[in-house]
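Structure below is data_21.txt: compact mmCIF, C-alpha atoms.
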```txt
# COMPACT_ATOMS: atom_id res chain seq x y z
CA MET L 790 -0.02 41.63 2.60
CA SER L 791 3.55 42.63 1.79
CA LYS L 792 6.12 40.11 0.59
CA PRO L 793 8.67 39.04 3.26
CA LYS L 794 12.07 40.68 2.99
CA VAL L 795 15.01 38.56 1.88
CA PHE L 796 16.45 38.14 5.38
CA GLU L 797 13.14 38.14 7.26
CA LYS L 798 12.16 35.11 9.38
CA PRO L 799 8.66 33.93 10.36
CA LEU L 800 7.28 35.27 13.63
CA GLY L 801 8.87 33.49 16.58
CA ALA L 802 11.58 31.78 14.49
CA LYS L 803 15.19 32.10 15.56
CA ASP L 804 18.67 31.51 14.16
CA TYR L 805 21.29 29.95 16.44
CA LEU L 806 24.85 30.99 15.66
CA PRO L 807 27.81 28.64 16.25
CA ASP L 808 28.61 29.73 19.83
CA ALA L 809 24.96 29.35 20.89
CA VAL L 810 24.68 25.96 19.17
CA THR L 811 27.78 24.73 21.01
CA LYS L 812 26.30 25.75 24.36
CA LEU L 813 22.88 24.34 23.47
CA ARG L 814 24.37 20.98 22.46
CA ASN L 815 26.46 20.85 25.62
CA ILE L 816 23.33 21.32 27.71
CA GLU L 817 21.52 18.66 25.71
CA PHE L 818 24.31 16.08 25.99
CA ARG L 819 24.87 16.62 29.72
CA VAL L 820 21.17 16.39 30.53
CA LEU L 821 20.54 13.30 28.37
CA ALA L 822 23.58 11.62 29.95
CA CYS L 823 22.12 12.40 33.39
CA MET L 824 18.77 10.91 32.38
CA GLU L 825 20.46 7.80 31.00
CA ARG L 826 22.22 7.24 34.32
CA TRP L 827 18.77 7.21 35.95
CA GLY L 828 17.64 4.46 33.56
CA TYR L 829 15.78 6.52 30.94
CA ASN L 830 16.24 5.49 27.30
CA GLN L 831 16.06 8.13 24.59
CA ILE L 832 13.29 8.08 22.00
CA ILE L 833 12.76 10.14 18.82
CA THR L 834 9.27 10.69 17.39
CA PRO L 835 8.22 12.31 14.07
CA THR L 836 8.05 16.06 13.62
CA LEU L 837 4.64 15.57 11.97
CA GLU L 838 1.71 13.79 13.65
CA TYR L 839 -1.97 13.34 12.78
CA TYR L 840 -4.21 15.99 14.27
CA ASP L 841 -6.98 13.46 15.04
CA THR L 842 -4.65 11.37 17.23
CA VAL L 843 -1.71 13.18 18.80
CA GLY L 844 -3.05 16.66 18.03
CA VAL L 845 -6.29 16.35 19.95
CA ALA L 846 -4.61 14.44 22.78
CA SER L 847 -1.97 17.11 23.29
CA SER L 848 -1.97 19.49 26.23
CA THR L 849 -1.48 22.39 23.79
CA GLU L 850 -4.44 24.63 23.01
CA ASP L 851 -5.88 23.95 19.55
CA LYS L 852 -5.28 27.54 18.41
CA LYS L 853 -1.55 27.14 19.12
CA LEU L 854 -1.10 24.11 16.86
CA PHE L 855 0.55 24.45 13.45
CA LYS L 856 -1.73 22.54 11.04
CA LEU L 857 -1.27 21.45 7.44
CA LEU L 858 -2.78 18.94 5.02
CA ASP L 859 -1.10 15.92 3.48
CA ARG L 860 -1.77 14.82 -0.12
CA LYS L 861 -4.79 12.78 0.96
CA GLY L 862 -6.38 15.73 2.74
CA LYS L 863 -5.70 14.50 6.28
CA THR L 864 -4.84 17.18 8.82
CA LEU L 865 -1.34 17.01 10.25
CA VAL L 866 0.24 19.00 13.07
CA LEU L 867 3.81 19.93 13.87
CA ARG L 868 4.50 18.39 17.27
CA SER L 869 3.79 20.93 20.01
CA GLU L 870 5.14 18.78 22.85
CA LEU L 871 6.51 15.25 23.27
CA THR L 872 4.26 13.65 25.89
CA ALA L 873 1.37 12.78 23.56
CA PRO L 874 3.65 11.32 20.83
CA ILE L 875 5.44 9.19 23.43
CA ALA L 876 2.07 8.01 24.77
CA ARG L 877 1.22 6.93 21.22
CA VAL L 878 4.48 4.95 20.95
CA ALA L 879 4.07 3.40 24.41
CA SER L 880 0.62 2.17 23.39
CA SER L 881 1.68 0.78 20.02
CA LEU L 882 5.33 -0.01 19.25
CA LEU L 883 6.12 -0.62 22.93
CA LYS L 884 2.84 -2.30 23.88
CA GLU L 885 4.57 -5.64 24.54
CA GLN L 886 7.05 -4.12 26.98
CA GLU L 887 6.17 -4.33 30.64
CA PHE L 888 5.59 -1.28 32.79
CA PRO L 889 7.14 0.84 34.06
CA LEU L 890 8.65 2.42 30.95
CA ARG L 891 11.33 5.07 31.40
CA LEU L 892 11.80 7.17 28.27
CA SER L 893 13.73 10.38 27.59
CA TYR L 894 13.81 12.79 24.65
CA HIS L 895 15.30 15.97 23.21
CA SER L 896 13.50 17.61 20.29
CA ASN L 897 12.32 20.85 18.81
CA VAL L 898 8.61 21.64 19.20
CA PHE L 899 6.35 24.17 17.51
CA ARG L 900 3.58 26.40 18.82
CA SER L 901 1.80 29.20 17.04
CA ILE L 902 2.09 32.43 19.02
CA GLU L 903 0.58 35.87 18.99
CA GLU L 904 2.78 38.88 18.27
CA GLU L 905 4.41 39.04 21.68
CA ALA L 906 8.04 40.02 22.21
CA GLY L 907 10.36 37.30 23.43
CA ARG L 908 8.16 34.34 22.55
CA ASP L 909 9.45 31.55 20.30
CA SER L 910 7.26 29.53 17.95
CA GLU L 911 9.99 26.87 17.69
CA PHE L 912 11.94 25.84 20.75
CA TYR L 913 13.65 22.85 22.36
CA GLN L 914 12.55 20.51 25.11
CA THR L 915 14.51 17.83 26.96
CA GLY L 916 12.49 15.59 29.24
CA VAL L 917 11.35 12.20 30.49
CA GLU L 918 8.19 10.15 30.86
CA LEU L 919 7.76 7.48 33.55
CA ILE L 920 4.83 5.34 32.41
CA GLY L 921 3.03 2.65 34.38
CA ASP L 922 3.71 3.67 37.97
CA ALA L 923 1.04 5.52 39.99
CA THR L 924 2.96 5.78 43.26
CA SER L 925 4.32 8.79 45.08
CA GLU L 926 7.75 7.20 44.62
CA ALA L 927 7.40 7.69 40.85
CA ASP L 928 6.35 11.32 41.23
CA ALA L 929 9.26 11.97 43.58
CA GLU L 930 11.64 10.26 41.14
CA VAL L 931 10.78 12.61 38.26
CA VAL L 932 11.05 15.68 40.54
CA ALA L 933 14.43 14.51 41.83
CA LEU L 934 15.57 13.80 38.26
CA ALA L 935 14.39 17.26 37.18
CA ILE L 936 16.59 18.73 39.90
CA ALA L 937 19.55 16.58 38.82
CA SER L 938 18.95 17.57 35.18
CA LEU L 939 18.90 21.28 35.97
CA GLN L 940 22.17 20.85 37.85
CA ALA L 941 23.66 18.89 34.95
CA ALA L 942 22.60 21.71 32.61
CA GLY L 943 24.53 24.20 34.72
CA VAL L 944 21.63 25.97 36.44
CA GLU L 945 22.99 26.76 39.90
CA LYS L 946 20.15 28.59 41.66
CA PHE L 947 16.59 27.38 41.22
CA LYS L 948 13.46 26.29 43.07
CA ILE L 949 10.87 23.64 42.25
CA ALA L 950 7.29 24.61 43.11
CA LEU L 951 5.24 21.50 43.90
CA GLY L 952 1.45 21.41 43.74
CA HIS L 953 -1.47 19.03 43.27
CA VAL L 954 -4.61 19.61 41.19
CA GLY L 955 -6.65 17.41 43.54
CA PHE L 956 -6.36 19.85 46.43
CA LEU L 957 -8.11 22.71 44.64
CA ASN L 958 -10.60 20.34 43.01
CA GLY L 959 -11.64 19.07 46.44
CA LEU L 960 -11.67 22.52 48.02
CA PHE L 961 -13.77 24.04 45.25
CA GLN L 962 -16.22 21.13 45.29
CA GLU L 963 -16.60 21.66 49.01
CA THR L 964 -17.03 25.46 48.87
CA LEU L 965 -18.47 26.02 45.37
CA ASP L 966 -20.48 22.84 44.81
CA GLY L 967 -22.39 23.03 41.54
CA ARG L 968 -20.88 26.39 40.55
CA THR L 969 -18.75 25.14 37.67
CA ASP L 970 -18.22 28.53 36.04
CA ALA L 971 -16.97 30.03 39.30
CA GLN L 972 -14.56 27.12 39.82
CA LEU L 973 -13.18 27.50 36.29
CA SER L 974 -12.79 31.25 36.72
CA LEU L 975 -10.79 30.89 39.93
CA LYS L 976 -8.60 28.19 38.38
CA GLU L 977 -7.89 30.40 35.37
CA HIS L 978 -6.72 33.19 37.67
CA LEU L 979 -4.42 30.82 39.56
CA LEU L 980 -3.09 29.30 36.34
CA GLY L 981 -2.16 32.78 35.14
CA ARG L 982 -0.68 33.75 38.54
CA ASP L 983 -3.26 36.53 38.69
CA TYR L 984 -3.72 36.61 42.46
CA VAL L 985 -5.34 40.04 42.44
CA GLY L 986 -7.89 38.81 39.94
CA TYR L 987 -8.42 35.69 42.05
CA ARG L 988 -9.29 37.78 45.12
CA GLU L 989 -11.54 40.07 43.11
CA ALA L 990 -13.35 37.10 41.58
CA ILE L 991 -14.04 35.69 45.07
CA LYS L 992 -15.64 38.98 46.08
CA THR L 993 -18.16 38.70 43.22
CA LEU L 994 -19.40 35.26 44.31
CA SER L 995 -21.50 36.42 47.31
CA LEU L 996 -20.01 33.84 49.66
CA ALA L 997 -20.20 33.59 53.42
CA PRO L 998 -17.28 35.39 55.13
CA ASP L 999 -15.75 32.16 56.44
CA VAL L 1000 -15.83 30.63 52.93
CA GLU L 1001 -14.18 33.76 51.49
CA ARG L 1002 -11.44 33.50 54.10
CA GLU L 1003 -10.96 29.82 53.30
CA LEU L 1004 -10.58 30.46 49.55
CA ASN L 1005 -8.29 33.45 50.07
CA GLY L 1006 -6.20 31.41 52.49
CA VAL L 1007 -5.08 29.18 49.62
CA LEU L 1008 -2.74 31.97 48.53
CA ARG L 1009 -0.77 31.53 51.76
CA LEU L 1010 -0.24 27.79 51.33
CA ARG L 1011 3.35 27.99 50.15
CA GLY L 1012 6.41 26.72 52.00
CA GLY L 1013 7.99 23.53 53.30
CA ASP L 1014 6.48 20.40 54.81
CA GLU L 1015 4.62 22.53 57.38
CA ILE L 1016 2.18 23.31 54.55
CA CYS L 1017 1.01 19.68 54.68
CA GLU L 1018 -0.56 20.14 58.12
CA GLN L 1019 -1.94 23.58 57.28
CA ALA L 1020 -3.60 22.27 54.10
CA ARG L 1021 -5.21 19.35 55.92
CA MET L 1022 -7.05 21.92 58.08
CA VAL L 1023 -8.30 23.95 55.11
CA SER L 1024 -10.52 21.35 53.45
CA GLN L 1025 -11.99 18.09 54.71
CA HIS L 1026 -13.12 17.00 51.26
CA PRO L 1027 -11.84 13.46 50.50
CA ILE L 1028 -10.28 14.52 47.19
CA ALA L 1029 -8.37 17.36 48.87
CA GLN L 1030 -7.29 15.11 51.73
CA ASP L 1031 -6.02 12.42 49.33
CA ALA L 1032 -4.12 15.05 47.37
CA ILE L 1033 -2.35 16.38 50.45
CA ARG L 1034 -1.53 12.86 51.65
CA HIS L 1035 0.04 12.04 48.28
CA LEU L 1036 1.93 15.34 48.10
CA CYS L 1037 3.35 14.87 51.58
CA GLU L 1038 4.49 11.36 50.66
CA VAL L 1039 6.30 12.86 47.66
CA TRP L 1040 7.94 15.39 49.98
CA ASP L 1041 9.15 12.62 52.30
CA VAL L 1042 10.73 10.76 49.37
CA LEU L 1043 12.40 13.97 48.17
CA LYS L 1044 13.89 14.39 51.65
CA ALA L 1045 15.28 10.87 51.34
CA TYR L 1046 16.80 11.87 47.99
CA GLY L 1047 18.41 14.81 49.80
CA VAL L 1048 16.92 17.43 47.46
CA SER L 1049 14.06 18.95 49.48
CA GLU L 1050 16.08 22.15 49.90
CA HIS L 1051 15.31 22.88 46.25
CA VAL L 1052 11.55 22.34 46.65
CA VAL L 1053 8.65 24.39 47.97
CA ILE L 1054 5.04 23.25 48.24
CA ASP L 1055 2.75 25.70 46.44
CA LEU L 1056 -0.91 24.73 46.44
CA THR L 1057 -1.84 27.57 44.08
CA MET L 1058 0.25 25.84 41.40
CA ILE L 1059 -2.03 23.58 39.38
CA GLY L 1060 -0.46 23.44 35.90
CA ASP L 1061 -2.91 22.89 33.06
CA PHE L 1062 -5.86 21.69 35.12
CA SER L 1063 -7.57 20.16 32.07
CA TYR L 1064 -4.56 17.89 31.45
CA TYR L 1065 -2.82 17.04 34.72
CA THR L 1066 -4.52 14.66 37.13
CA GLY L 1067 -2.35 14.83 40.24
CA MET L 1068 0.98 16.27 41.28
CA THR L 1069 2.30 19.16 39.17
CA PHE L 1070 5.51 21.15 39.42
CA GLU L 1071 7.47 24.00 37.86
CA GLY L 1072 11.13 24.94 38.18
CA TYR L 1073 12.26 28.56 38.36
CA ALA L 1074 15.84 29.80 37.92
CA ALA L 1075 16.91 32.73 40.06
CA GLU L 1076 17.86 34.80 37.01
CA LEU L 1077 14.55 34.35 35.15
CA GLY L 1078 10.96 35.18 35.92
CA PHE L 1079 9.45 32.26 34.03
CA PRO L 1080 9.75 28.45 34.35
CA VAL L 1081 12.76 26.54 33.06
CA CYS L 1082 11.02 23.20 33.57
CA SER L 1083 7.52 21.87 34.21
CA GLY L 1084 5.84 18.53 34.67
CA GLY L 1085 3.38 16.43 36.58
CA ARG L 1086 1.07 13.45 36.55
CA TYR L 1087 -1.27 12.78 33.62
CA ASP L 1088 -3.03 9.47 34.26
CA ASN L 1089 -5.75 9.84 31.58
CA LEU L 1090 -3.64 10.36 28.47
CA LEU L 1091 -2.64 6.82 27.53
CA SER L 1092 -6.24 5.60 27.58
CA GLN L 1093 -6.81 7.79 24.49
CA PHE L 1094 -4.36 5.50 22.66
CA GLY L 1095 -5.88 2.23 23.90
CA ARG L 1096 -3.44 1.34 26.68
CA PRO L 1097 -4.66 2.90 29.94
CA ALA L 1098 -1.80 3.51 32.36
CA PRO L 1099 -0.72 6.07 34.94
CA ALA L 1100 2.16 8.32 33.91
CA THR L 1101 4.26 11.20 35.15
CA GLY L 1102 7.12 13.23 33.69
CA PHE L 1103 8.65 16.63 32.99
CA ALA L 1104 10.27 18.75 30.29
CA LEU L 1105 13.17 21.17 30.55
CA LYS L 1106 12.80 24.33 28.49
CA THR L 1107 16.27 24.11 26.98
CA ASN L 1108 16.18 27.51 25.26
CA ARG L 1109 15.49 29.25 28.55
CA ILE L 1110 18.23 27.32 30.28
CA LEU L 1111 20.58 28.62 27.58
CA GLU L 1112 19.71 32.16 28.71
CA VAL L 1113 20.73 31.28 32.28
CA THR L 1114 23.93 29.40 31.51
CA GLY L 1115 24.90 30.89 28.14
CA LYS L 1116 27.09 33.63 29.63
CA GLU L 1117 29.41 31.11 31.22
CA GLN L 1118 32.56 30.61 29.16
CA GLY L 1119 33.89 27.45 30.77
CA GLU L 1120 37.07 25.78 29.54
CA GLN L 1121 37.94 26.99 26.07
CA PRO L 1122 39.13 24.47 23.43
CA VAL L 1123 42.66 24.62 22.04
CA ARG L 1124 42.49 25.84 18.44
CA VAL L 1125 45.28 25.33 15.91
CA LEU L 1126 45.64 26.69 12.37
CA ILE L 1127 48.14 24.85 10.15
CA ALA L 1128 49.13 26.99 7.17
CA TYR L 1129 51.01 25.27 4.35
CA ASP L 1130 52.13 25.70 0.78
CA ALA L 1131 51.81 23.09 -1.98
CA GLU L 1132 55.24 21.63 -1.22
CA HIS L 1133 54.28 20.89 2.40
CA ARG L 1134 50.68 19.77 1.81
CA GLU L 1135 51.20 16.10 2.70
CA GLU L 1136 53.22 16.92 5.82
CA ALA L 1137 50.61 19.49 6.97
CA LEU L 1138 47.63 17.20 6.49
CA LYS L 1139 49.35 14.34 8.30
CA GLN L 1140 50.14 16.66 11.20
CA ALA L 1141 46.52 17.84 11.30
CA LYS L 1142 45.28 14.24 11.35
CA GLN L 1143 47.62 13.41 14.21
CA MET L 1144 46.52 16.46 16.23
CA ARG L 1145 42.82 15.69 15.71
CA SER L 1146 43.29 12.16 17.06
CA ASP L 1147 45.69 13.12 19.86
CA GLU L 1148 43.62 13.45 23.03
CA ILE L 1149 46.69 13.74 25.25
CA ASN L 1150 47.59 17.24 24.05
CA ASN L 1151 43.98 18.44 24.39
CA VAL L 1152 43.84 19.95 20.91
CA SER L 1153 40.13 20.26 20.16
CA ILE L 1154 40.00 22.13 16.85
CA VAL L 1155 42.43 21.96 13.93
CA ILE L 1156 41.89 23.70 10.62
CA THR L 1157 44.20 23.69 7.61
CA GLN L 1158 44.75 26.37 4.97
CA LEU L 1159 46.74 26.45 1.74
CA VAL L 1160 48.58 29.79 1.52
CA THR L 1161 51.14 31.59 -0.57
CA LYS L 1162 54.35 32.99 0.86
CA GLU L 1163 52.84 36.49 0.88
CA GLN L 1164 49.64 35.32 2.59
CA SER L 1165 51.63 33.55 5.28
CA LYS L 1166 52.97 36.88 6.53
CA ASP L 1167 49.51 37.91 7.79
CA LEU L 1168 47.99 34.83 9.35
CA ASP L 1169 47.13 36.03 12.82
CA ARG L 1170 43.72 34.57 13.66
CA ALA L 1171 42.16 35.38 17.02
CA GLY L 1172 42.05 32.40 19.36
CA TYR L 1173 44.24 30.14 17.19
CA GLN L 1174 47.79 28.89 17.53
CA VAL L 1175 49.31 29.23 14.04
CA VAL L 1176 51.68 26.59 12.69
CA LYS L 1177 53.35 27.52 9.37
CA LEU L 1178 54.67 24.88 7.01
CA ILE L 1179 55.95 26.84 4.05
CA THR L 1180 59.16 27.24 2.04
CA GLU L 1181 60.93 30.40 3.18
```
Take the structure in the file and write it out as C-alpha cells.
Amino acid sequence: MSKPKVFEKPLGAKDYLPDAVTKLRNIEFRVLACMERWGYNQIITPTLEYYDTVGVASSTEDKKLFKLLDRKGKTLVLRSELTAPIARVASSLLKEQEFPLRLSYHSNVFRSIEEEAGRDSEFYQTGVELIGDATSEADAEVVALAIASLQAAGVEKFKIALGHVGFLNGLFQETLDGRTDAQLSLKEHLLGRDYVGYREAIKTLSLAPDVERELNGVLRLRGGDEICEQARMVSQHPIAQDAIRHLCEVWDVLKAYGVSEHVVIDLTMIGDFSYYTGMTFEGYAAELGFPVCSGGRYDNLLSQFGRPAPATGFALKTNRILEVTGKEQGEQPVRVLIAYDAEHREEALKQAKQMRSDEINNVSIVITQLVTKEQSKDLDRAGYQVVKLITE
C-alpha cells in the first residue's frame, strides 16, 4: 500500500473553505433558532461512544461504523448518527425529567463508505427528537418542524414524502404469510427505490393474479389525502388499517398547521424497516435527487437503554442543504481595511475598535494592517473599503 501524498485526505473527507463555512454556520444557526422557538433544547453528545451500547443500538449498518479500541481494549465507535446517543442521555442523565422531552442537536457524524463518488464519510446533521409522546400529534409536530427548518435553512422548493412501515407489514402478512424471505426481498427493493426489481421479484413468487395486482398496486399509492381511502381498500389486515388510520390523523394535523401543501403520502416509503416502527418521512429539494432530511417514529430504541418510551424525530442533512442554498449570495457584509503607520497605530486601533462595536453603521468586518509609506500606495483589496492613516 502506497504512502498517502502530503495533501491527500482520507476517502470521503472534505475541507470547508471560509465562504462555505460561513454559509454552513448560517444554516446551522437559523435552523437551531427555529427549533428553539418550537421548544427544543440543544444537546451535545460525545464524538466517541461504546460500540456495545450506542453502536449496536444505532440505525447504521455495522459495516459502516468507524471502530477503534481504547487503552483498556474496549471497542469504541465514532458517532454515526445522533438518535441513539440522545436515547442514552434521555435514559440516564435525563431520567428524572418528565416526558415529553424535546431535544435538538447539530453535530458532525461519521460513516465508513465504499469508493463511490460524491459520498462523504464525515458530514453534518441538524435535528430533533421528541421523546415520550406516541400520538399522531407528535408525529405531525416533527414533520411540521422539519418543514419550518427547511424553510429557515433557505430551501425554497421541497416535498416531504410521508409513509408508514405498518402498512406494508400488514399487507405482506396478509398476502405473504409465513414467507419471510419474500417479504424482506420486497422491502429491500422498496427501500432502494428499485421499483423495477420490486415488480420482477413479485413475478418470481408464483402468486395468484389478484394478489400480484394488489402488491403491484402499492406503487400507485402516492398523493394527497385521497390515498388514505385508497389504502384502506388495499389491505384489511389490522396492522395495515391501524397504520393508515394513524397516517391520516397525521395528515389532518398537518392541514391544521397549514403545511400539507408540502407533503405527499407515499406508502412505498418505509425508511429503514428494521429501525422505524411507525410513520417515516423524507424531504426532497427540487434541485437534488436525494433526501435533504429524513425521520420517523422509533418506539423500540429507548428500551435498549432501560427507559422504554415512544419517540419520533428527524435530521436535516446540512451538507446537502448547503448544495441547494450555497449559491445564494444574500446581503454582503461591509468590509473595512484600516492601514496605518507606527505614528498612527493608537488612532487606527481605536478606530477599528469603535467600528467593530458600532452596529448602527453596519460594519461587519474590520482588519488592520501596519504599512510603510510605499506599501500604502498599493492597498487596493477586493471587497474592502480602505482607510489610510499614515504620515504623507
Shell around range 1068-1083 of chain L at 10 Å using all atoms listed in the file, local window under 2 positions removed, as a JSON list (two decimals) with C-alpha atoms, keeping the file's coordinate frame:
```json
[["chain", "number", "residue", "atom", "x", "y", "z"],
["L", 914, "GLN", "CA", 12.55, 20.51, 25.11],
["L", 915, "THR", "CA", 14.51, 17.83, 26.96],
["L", 916, "GLY", "CA", 12.49, 15.59, 29.24],
["L", 925, "SER", "CA", 4.32, 8.79, 45.08],
["L", 928, "ASP", "CA", 6.35, 11.32, 41.23],
["L", 929, "ALA", "CA", 9.26, 11.97, 43.58],
["L", 932, "VAL", "CA", 11.05, 15.68, 40.54],
["L", 935, "ALA", "CA", 14.39, 17.26, 37.18],
["L", 936, "ILE", "CA", 16.59, 18.73, 39.90],
["L", 938, "SER", "CA", 18.95, 17.57, 35.18],
["L", 939, "LEU", "CA", 18.90, 21.28, 35.97],
["L", 944, "VAL", "CA", 21.63, 25.97, 36.44],
["L", 945, "GLU", "CA", 22.99, 26.76, 39.90],
["L", 946, "LYS", "CA", 20.15, 28.59, 41.66],
["L", 947, "PHE", "CA", 16.59, 27.38, 41.22],
["L", 948, "LYS", "CA", 13.46, 26.29, 43.07],
["L", 949, "ILE", "CA", 10.87, 23.64, 42.25],
["L", 950, "ALA", "CA", 7.29, 24.61, 43.11],
["L", 951, "LEU", "CA", 5.24, 21.50, 43.90],
["L", 952, "GLY", "CA", 1.45, 21.41, 43.74],
["L", 953, "HIS", "CA", -1.47, 19.03, 43.27],
["L", 954, "VAL", "CA", -4.61, 19.61, 41.19],
["L", 955, "GLY", "CA", -6.65, 17.41, 43.54],
["L", 956, "PHE", "CA", -6.36, 19.85, 46.43],
["L", 1032, "ALA", "CA", -4.12, 15.05, 47.37],
["L", 1033, "ILE", "CA", -2.35, 16.38, 50.45],
["L", 1035, "HIS", "CA", 0.04, 12.04, 48.28],
["L", 1036, "LEU", "CA", 1.93, 15.34, 48.10],
["L", 1039, "VAL", "CA", 6.30, 12.86, 47.66],
["L", 1051, "HIS", "CA", 15.31, 22.88, 46.25],
["L", 1052, "VAL", "CA", 11.55, 22.34, 46.65],
["L", 1053, "VAL", "CA", 8.65, 24.39, 47.97],
["L", 1054, "ILE", "CA", 5.04, 23.25, 48.24],
["L", 1055, "ASP", "CA", 2.75, 25.70, 46.44],
["L", 1056, "LEU", "CA", -0.91, 24.73, 46.44],
["L", 1058, "MET", "CA", 0.25, 25.84, 41.40],
["L", 1059, "ILE", "CA", -2.03, 23.58, 39.38],
["L", 1060, "GLY", "CA", -0.46, 23.44, 35.90],
["L", 1061, "ASP", "CA", -2.91, 22.89, 33.06],
["L", 1062, "PHE", "CA", -5.86, 21.69, 35.12],
["L", 1065, "TYR", "CA", -2.82, 17.04, 34.72],
["L", 1066, "THR", "CA", -4.52, 14.66, 37.13],
["L", 1085, "GLY", "CA", 3.38, 16.43, 36.58],
["L", 1086, "ARG", "CA", 1.07, 13.45, 36.55],
["L", 1087, "TYR", "CA", -1.27, 12.78, 33.62],
["L", 1101, "THR", "CA", 4.26, 11.20, 35.15],
["L", 1102, "GLY", "CA", 7.12, 13.23, 33.69],
["L", 1103, "PHE", "CA", 8.65, 16.63, 32.99],
["L", 1104, "ALA", "CA", 10.27, 18.75, 30.29],
["L", 1105, "LEU", "CA", 13.17, 21.17, 30.55],
["L", 1106, "LYS", "CA", 12.80, 24.33, 28.49],
["L", 1107, "THR", "CA", 16.27, 24.11, 26.98],
["L", 1108, "ASN", "CA", 16.18, 27.51, 25.26],
["L", 1109, "ARG", "CA", 15.49, 29.25, 28.55],
["L", 1110, "ILE", "CA", 18.23, 27.32, 30.28],
["L", 1111, "LEU", "CA", 20.58, 28.62, 27.58],
["L", 1112, "GLU", "CA", 19.71, 32.16, 28.71],
["L", 1113, "VAL", "CA", 20.73, 31.28, 32.28],
["L", 1114, "THR", "CA", 23.93, 29.40, 31.51]]
```
Residue contacts of Val1000 in chain L (12 Å, all atoms listed in the file) excluding same-chain residues fewer than 4 positions away, as JSON, numbers by chain: {"L": [960, 961, 963, 964, 965, 991, 992, 994, 995, 996, 1004, 1005, 1006, 1007, 1023, 1024]}
Nearest-residue call for Ser880 in chain L, choices L:Leu1043, L:Ile920, L:Val1155, L:Leu1126, using all atoms listed in the file: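 The closest residue to Ser880 in chain L is L:Ile920.
We find CA of Leu1138 in chain L and CA of Tyr1173 in chain L to be spaced 17.1 Å apart.
Closest to Arg826 in chain L among L:Tyr913, L:Ala941, L:Ala1141, L:Ala927 is L:Ala941, based on all atoms listed in the file.
Here CA of Val1048 in chain L and CA of Glu1015 in chain L stand 16.6 Å from one another.
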For CA of His1026 in chain L and CA of Val985 in chain L, the interatomic separation in Å (one decimal):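 It comes out at 25.9 Å.
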Pick from L:Ala942, L:Leu892, L:Ala873, L:Leu882, whichever lies nearest to Arg814 in chain L using only C-alpha atoms: L:Ala942
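For the residues L:Leu837, L:Leu1008, L:Leu1178, L:Ile1154, ranking by smallest atom-to-atom distance to Leu957 in chain L using all atoms listed in the file places L:Leu1008 first.
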Residue among L:Ala1020, L:Thr1157, L:Leu973, L:Ala876 lying closest to Val1175 in chain L, counting only C-alpha atoms: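 Of the candidates, the smallest distance to Val1175 in chain L is held by L:Thr1157.
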For Cys1017 in chain L, the nearest of the candidates L:Ala1029, L:Thr836, L:Thr1161, L:Val878, counting only C-alpha atoms: L:Ala1029
With 5 Å added on each side, what axis-aligned box encloses every listed atom of range 937-944 of chain L? Give the centre and edge lengths in Å to one decimal, as lines of an AutoDock Vina configuration file.
```
center_x = 21.7
center_y = 21.3
center_z = 35.7
size_x = 15.6
size_y = 19.4
size_z = 16.2
```
Ser1153 in chain L surroundings by only C-alpha atoms, 7 Å radius, close-in-sequence under 2 positions cut, as a list of chain:residue names: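 Skipping anything fewer than 2 positions along the chain leaves L:Pro1122, L:Val1123, L:Arg1124, L:Arg1145, L:Asn1151, L:Val1155.
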Protein/DNA/RNA residues near (-0.5, 24.7, 17.0), cut 12 Å, all atoms listed in the file, as JSON, numbers by chain: {"L": [837, 838, 840, 843, 844, 845, 847, 848, 849, 850, 851, 852, 853, 854, 855, 856, 857, 864, 865, 866, 867, 868, 869, 870, 898, 899, 900, 901, 902, 903, 910, 911]}
Select range 1076-1086 of chain L in the preceding structure and write N, CA and C atoms to a file as a PDB file, in the first residue's frame.
```pdb
ATOM      1  N   GLU L1076     -33.910  20.791  -6.391  1.00  0.00           N
ATOM      2  CA  GLU L1076     -32.657  20.807  -7.135  1.00  0.00           C
ATOM      3  C   GLU L1076     -31.830  19.543  -6.963  1.00  0.00           C
ATOM      4  N   LEU L1077     -32.210  18.667  -6.028  1.00  0.00           N
ATOM      5  CA  LEU L1077     -31.408  17.481  -5.736  1.00  0.00           C
ATOM      6  C   LEU L1077     -32.232  16.217  -5.894  1.00  0.00           C
ATOM      7  N   GLY L1078     -31.550  15.127  -6.212  1.00  0.00           N
ATOM      8  CA  GLY L1078     -32.235  13.861  -6.398  1.00  0.00           C
ATOM      9  C   GLY L1078     -32.160  12.946  -5.202  1.00  0.00           C
ATOM     10  N   PHE L1079     -31.670  13.462  -4.078  1.00  0.00           N
ATOM     11  CA  PHE L1079     -31.582  12.635  -2.875  1.00  0.00           C
ATOM     12  C   PHE L1079     -32.090  13.436  -1.685  1.00  0.00           C
ATOM     13  N   PRO L1080     -32.430  12.775  -0.569  1.00  0.00           N
ATOM     14  CA  PRO L1080     -33.101  13.461   0.544  1.00  0.00           C
ATOM     15  C   PRO L1080     -32.229  14.515   1.206  1.00  0.00           C
ATOM     16  N   VAL L1081     -32.870  15.609   1.646  1.00  0.00           N
ATOM     17  CA  VAL L1081     -32.198  16.611   2.460  1.00  0.00           C
ATOM     18  C   VAL L1081     -32.619  16.493   3.922  1.00  0.00           C
ATOM     19  N   CYS L1082     -33.609  15.663   4.203  1.00  0.00           N
ATOM     20  CA  CYS L1082     -33.956  15.362   5.587  1.00  0.00           C
ATOM     21  C   CYS L1082     -34.677  14.020   5.631  1.00  0.00           C
ATOM     22  N   SER L1083     -34.662  13.396   6.798  1.00  0.00           N
ATOM     23  CA  SER L1083     -35.371  12.123   6.976  1.00  0.00           C
ATOM     24  C   SER L1083     -35.677  11.944   8.452  1.00  0.00           C
ATOM     25  N   GLY L1084     -36.713  11.166   8.726  1.00  0.00           N
ATOM     26  CA  GLY L1084     -37.069  10.933  10.116  1.00  0.00           C
ATOM     27  C   GLY L1084     -38.206   9.948  10.232  1.00  0.00           C
ATOM     28  N   GLY L1085     -38.710   9.832  11.447  1.00  0.00           N
ATOM     29  CA  GLY L1085     -39.813   8.906  11.688  1.00  0.00           C
ATOM     30  C   GLY L1085     -39.883   8.477  13.136  1.00  0.00           C
ATOM     31  N   ARG L1086     -40.756   7.502  13.372  1.00  0.00           N
ATOM     32  CA  ARG L1086     -41.012   7.011  14.726  1.00  0.00           C
ATOM     33  C   ARG L1086     -40.202   5.756  15.000  1.00  0.00           C
TER      34      ARG L1086
END
```
